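Data block below; observations after.
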Amino acid sequence: MSDAISIQNLNVWFGEHHDLFQAVKNASLTVATGASFGLVGESGSGKSTILRALTGLAPQWEGQMSINGTDLTHKRDKQFYKTVQMVFQDPYASLHPRQSVDQVLSETLHLHGFKDIDNRVNKLLLDVGLGPAFRFRYPHQLSGGQRQRIAIARALAAEPKILLLDEPTSALDVSVQAEILNLLCDLRAEHGLTYLMVSHDLAVVAHMCERAAVMRNGEIVEIIEVADMRAGKTTHDYTAQLLHASANRVA
Amino acid sequence: MTTLLDVDNLWVRFPNRTGVFDAVRGVSFSLGRERLGIVGESGSGKSLTGRAILRLIRSPGIVEAGHINLHGENLLEKSEAQMRKVRGEKISMVMQDPKFSLNPVMTVGDQIIEAYRLHAKASKAEAYKKSVEMLEAVSIRDADRVMKAYPHEMSGGMGQRIMIAMMLIPNPEILIADEPTSALDVSVQGQVLSIMDKLVKERGMGLIFISHDLNLVSQFCDRVLIMYAGRIVEVCEADKLHEAKHPYTQGLLGSLPRFDAPRDRLQVLTRDPAWREAPSVEARL
């Protein structure tokens with residue numbers, strides 16, 4: 001079985017000429033089908049950039065990326081977006097303020113060429129634990145957790161196999177975070193999804209993922225099994241530092 | 001312990017189309033030279049409590065309280081002009097979001113210098129020097145460059161540290177920090193917290209630390225108030241937070257993913273309507 005996501009020697013740049021900035025340096029990782037993989041590191045370490053390069057939001061990249069064995073080119077086709085979808089960090093910014101939940105979901109379904117849109121919208125809302133009562137609400141009528149559920153429903157609309165999660169709970173309260181993480185676990189089991197998840201919270205990554213890559217300054221310093229991470233079996237100093245910092249946050 | 005601040009029966013109300021919404025409902029507590037944590041979910045009234053102390057709630061919002069005493073002087077009876085003397089000099093506040101709390105059309109340096117010179121008689125050169133020192137104190141590396149930069153050129157974490165530097169430069173007696181570290185990485189978080197910790201210890205400052213992060217508060221603070229729906233449901237010693245009795249506190253703790261103790265499903269909070277109705281716990285020293 002081929003890997004769901006495979007990235008080899010990925011370099012990503014932003015800006016041009018003298019402003020050129022290399023955000024990701026020579027990153028390589030593979031995620032098996034059905035696995036959940038975490039990316040951790042400080043802000044600015046390039047973890048979100050890897051996700052953006054995968055979805056095609058960071059056009060200046062070099063290296064090899066493949067999804068289910070198919071190499072990605074700089075232009076992505078429709079099939080790609082039916083396989084890979086992304087959930088963004090801030091549910092307050094990722095939904096159009098003047099589009100109702102119904103509009104957001106039906107437009108997405110329409111773009112992916114589905115026919116029975118009406119049923120599918122209701123089904124998606126049920127999938128994310130909201131129900132049809134939320135269908136005609138606008139984002140400002142929803143709480144942060146409900147908005148993130150809508151963003152997840154939108155990502156699921158295309159029936160993807162791979163979800164890219166960019167800090168899906170960092171804008172939410174701990175009680176709501178628990179609900180969303182549980183929902184993501186359920187969805188993964190139900191739909192057989194593969195997750196690539198970015199988070200700065202080691203506890204969240206440890207809860208959700210089996211393996212994780214630790215990033216610093218655009219480089220992957222270590223790829224580690226979460227079980228080893230829990231046991232403190234790190235091979236790189238930086239990982240140990242990060243573990244220490246998140247366990248004893250008051251220096 | 002000496003009491004710096006005493007808040008008695010504080011209410012914050014917002015009139016709306018359907019009546020009056022009570023955001024903070026009869027909260028009483030006092031603050032000594034200590035680190036007092038206020039935790040709760042969004043909407044529990046923790047930030048409004050902080051703002052109400054500085055009288056930063058704008059009309060139509062209504063603030064009512066028995067008293068808000070700073071060294072025995074009631075802040076509610078002060079005029080706006082007198083309040084301006086209190087803000088910054090006696091009590092200052094680090095707001096949650098540096099993007100909205102820094103002036104976008106002034107350089108960072110000008111803002112910090114302004115904050116300093118409003119409260120201290122100092123020449124521009126002295127103020128500049130002091131500002132650079134302060135920026136270095138909050139571990140900003142190239143302070144001279146940052147002084148000349150505008151807020152939009154800074155990252156969230158830098159902005160947050162600039163805010164903290166600006167709030168500490170007038171040397172206040174009480175610092176109200178509203179989620180000061182939630183935008184920061186764990187490693188920087190530690191640095192910022194140790195800066196505040198040092199100030200509490202060295203200057204005998206009182207700190208009100210508003211946060212939704214229970215683990216952080218239990219490690220960092222001395223005493224914790226847990227707020228729910230505008231009331232204090234529980235007060236405890238920070239290091240005993242994990243032995244908290246109220247089901248809401250226990251629920252919040254249970255919903256955290258634990259690094260050391262993995263489990264398949266996280267506990268989800270079930271809310272009891274009785275929590276809303278229970279009277280506010282008094283949190284005096």
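Ordering of the structure tokens sets the chain letters (A, B, ...); residue numbers start at 1 within each chain; ligands are numbered from 1 in the order shown.
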TODO: Using only C-alpha atoms, find which residues of chain A lie within 7 Å of chain B and jot them down as a VMD selection string.
DONE: chain A and resid 42 to 43 173 to 175 178 to 179 182 203 to 204 206 to 207 230 245 to 246 249 to 251
Open item on the list: If we count only C-alpha atoms and set the cut-off at 9 Å, which residues sit around Thr55 of chain A, ignoring sequence neighbours fewer than 5 positions away in its own chain? Please answer as a PyMOL selection string.
Closed with: chain A and resi 50+76+80-81+84-86+164
Any chance you can output those residues with C-alpha atoms as a PDB file, in the first residue's frame?
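Just written: out_33.pdb:
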```pdb
ATOM      1  CA  ILE A  50       4.186  22.487   4.770  1.00  0.00           C
ATOM      2  CA  ARG A  76      -3.553  21.001  -8.769  1.00  0.00           C
ATOM      3  CA  PHE A  80      -6.628  16.543  -5.777  1.00  0.00           C
ATOM      4  CA  TYR A  81      -9.144  18.670  -3.947  1.00  0.00           C
ATOM      5  CA  VAL A  84      -7.231  16.508   0.206  1.00  0.00           C
ATOM      6  CA  GLN A  85      -9.012  19.170   2.224  1.00  0.00           C
ATOM      7  CA  MET A  86      -7.841  21.604   4.835  1.00  0.00           C
ATOM      8  CA  LEU A 164      -4.929  18.771   6.726  1.00  0.00           C
TER       9      LEU A 164
END
```
TODO: Once DSSP has gone over the backbone, tell me which residues of segment 55-272 of chain B are in strand (DSSP E), as number ranges by chain.
DONE: B: 62-64, 67-70, 73-74, 91-94, 174-178, 206-211, 223-228, 231-237
Open item on the list: Excluding Gly37 of chain B and its own-chain neighbours fewer than 2 positions away, which residues fall within 12 Å of it when counting only C-alpha atoms? Please give them as an MDAnalysis selection string.
Closed with: chainID B and resid 29:31 34:35 39:40 46:47 50 175:179 206:227 232 234:239 241 283
Serialized selection, C-alpha atoms, as a compact mmCIF listing (two decimals), in the first residue's frame:
```
# COMPACT_ATOMS: atom_id res chain seq x y z
CA PHE B 29 -12.50 39.32 45.81
CA SER B 30 -9.36 40.96 47.06
CA LEU B 31 -5.81 41.01 45.84
CA GLU B 34 0.39 37.80 44.99
CA ARG B 35 -0.39 36.17 41.69
CA VAL B 39 -9.89 31.12 34.85
CA GLY B 40 -13.02 30.23 32.97
CA LYS B 46 -13.23 37.07 33.44
CA SER B 47 -12.00 39.74 31.02
CA GLY B 50 -10.45 42.94 34.71
CA LEU B 175 -0.84 44.42 36.70
CA ILE B 176 -3.94 42.93 35.14
CA ALA B 177 -2.85 40.53 32.44
CA ASP B 178 -5.63 39.33 30.16
CA GLU B 179 -4.46 36.14 28.43
CA GLY B 206 0.01 42.40 42.62
CA LEU B 207 -0.87 40.41 39.52
CA ILE B 208 -4.27 39.42 38.23
CA PHE B 209 -3.67 36.77 35.63
CA ILE B 210 -6.67 36.06 33.41
CA SER B 211 -6.41 32.88 31.42
CA HIS B 212 -8.32 29.91 30.10
CA ASP B 213 -5.30 27.68 30.50
CA LEU B 214 -5.78 25.71 33.70
CA ASN B 215 -2.42 23.99 33.75
CA LEU B 216 -0.59 27.23 33.28
CA VAL B 217 -2.53 28.95 36.03
CA SER B 218 -2.01 26.09 38.44
CA GLN B 219 1.74 26.24 37.85
CA PHE B 220 2.12 29.97 37.82
CA CYS B 221 -0.32 31.54 40.28
CA ASP B 222 -0.74 31.51 44.04
CA ARG B 223 -4.50 31.57 44.19
CA VAL B 224 -7.12 30.82 41.54
CA LEU B 225 -10.69 31.99 41.07
CA ILE B 226 -12.78 29.86 38.76
CA MET B 227 -15.52 31.80 37.02
CA ILE B 232 -17.02 32.80 41.03
CA GLU B 234 -14.70 28.14 43.36
CA VAL B 235 -11.55 29.57 44.92
CA CYS B 236 -8.54 27.45 45.61
CA GLU B 237 -4.82 27.46 46.15
CA ALA B 238 -3.23 27.12 42.73
CA ASP B 239 -1.19 24.06 43.55
CA LEU B 241 -6.28 23.07 41.61
CA ALA B 283 -12.60 35.29 47.35
```
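Shortest separation to Leu36 of chain B among B:Thr18, B:Pro104, B:Val200, B:Ile57 occurs at residue B:Val200, atoms counted being only C-alpha atoms.
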TODO: Would you please extract all alpha helix (DSSP H) residues from segment 138-261 of chain B, as assigned by DSSP on the backbone, and give them as a VMD selection string?
DONE: chain B and resid 143 to 148 156 to 168 186 to 203 214 to 220 247 to 254
- [ ] Kindly give the distance, in Å, that separates atom CA of Gly56 of chain A and atom CA of Ala155 of chain A, rounded to a single decimal.
- [x]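 Between atom CA of Gly56 of chain A and atom CA of Ala155 of chain A the gap is 15.5 Å.
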Task: Atom pair atom CA of Ile162 of chain A / atom CA of Leu184 of chain A: separation (Å) - done: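 Atom-to-atom, atom CA of Ile162 of chain A to atom CA of Leu184 of chain A, that is 12.3 Å.
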- [ ] Have a look at A:His140, A:Glu219, A:Met208, A:Gln79 and name the one nearest to Gln22 of chain A; count only C-alpha atoms.
- [x]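 Answer, going by the shortest atom-to-atom distance: A:Glu219.
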Task: Contacts of Asp228 of chain A within 12 Å, only C-alpha atoms, excl. fewer than 2 positions in-chain, as a list in words - done: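 Listed by chain and then number, they are Ala206, Glu210, Arg211, Ala212, Glu222, Ile223, Ile224, Glu225, Val226, Arg230, Ala231, Gly232, Lys233, Thr234, Thr235, Thr239, Ala240 and Leu243 of chain A; Phe259 and Asp260 of chain B.
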- [ ] Measuring atom to atom with only C-alpha atoms, identify which of A:Gln141, A:Thr70, A:Gln148, A:Gln241 is nearest to Pro97 of chain A.
- [x]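 So, comparing all the options, the nearest one is A:Gln141.
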- [ ] Write out as number ranges by chain which residues come within 8 Å of Asp8 of chain B when counting only C-alpha atoms, dropping same-chain ones fewer than 4 positions away.
- [x] B: 26-29, 65-68
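What separates atom CA of Pro180 of chain B from atom CA of Gln96 of chain B is a distance of 5.9 Å.
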- [ ] Give me the residues within 10 Å of Val105 of chain B as a list in words, counting only C-alpha atoms and dropping any in the same chain fewer than 6 places off.
- [x]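 The neighbour list is Gln111, Tyr150, Pro151 and His152 of chain B.
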- [ ] Find the spatial neighbours of segment 9-14 of chain B, counting only C-alpha atoms, within a cut-off of 8 Å - ignore same-chain residues fewer than 3 positions away - and output them as a list in words.
- [x]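 Listing them by chain and then by number gives Val20, Phe21, Asp22, Ala23, Val24, Arg25, Gly26, Val27, Ser28, Leu48, Thr49, Ala52, Pro60, Gly61, Ile62, Val63, Glu64, Ala65, Gly66 and His67 of chain B.
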Just-selected residues, C-alpha atoms written as a short mmCIF file (atom, residue, chain, number, x, y, z; two decimals), in the first residue's frame:
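So again-v7.cif came out as:
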```
data_model
loop_
_atom_site.label_atom_id
_atom_site.label_comp_id
_atom_site.auth_asym_id
_atom_site.auth_seq_id
_atom_site.Cartn_x
_atom_site.Cartn_y
_atom_site.Cartn_z
CA VAL B 20 -30.42 43.51 30.47
CA PHE B 21 -27.66 40.97 30.11
CA ASP B 22 -25.64 40.41 33.27
CA ALA B 23 -22.12 39.54 32.22
CA VAL B 24 -20.57 39.70 35.68
CA ARG B 25 -22.91 38.92 38.55
CA GLY B 26 -21.85 39.96 42.01
CA VAL B 27 -18.19 39.10 42.20
CA SER B 28 -16.20 39.88 45.36
CA LEU B 48 -14.86 42.08 31.91
CA THR B 49 -13.96 41.77 35.57
CA ALA B 52 -14.28 46.88 35.16
CA PRO B 60 -24.08 51.45 27.41
CA GLY B 61 -22.35 48.90 29.63
CA ILE B 62 -23.08 49.49 33.31
CA VAL B 63 -20.65 48.77 36.13
CA GLU B 64 -22.03 48.54 39.64
CA ALA B 65 -20.20 47.54 42.78
CA GLY B 66 -20.25 48.05 46.50
CA HIS B 67 -16.76 49.37 46.11
#
```
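Among the candidate residues A:Ala4, A:Met215, A:Ala153, A:Ala58, the one lying nearest to Ala27 of chain A is A:Met215, with distances computed using only C-alpha atoms.
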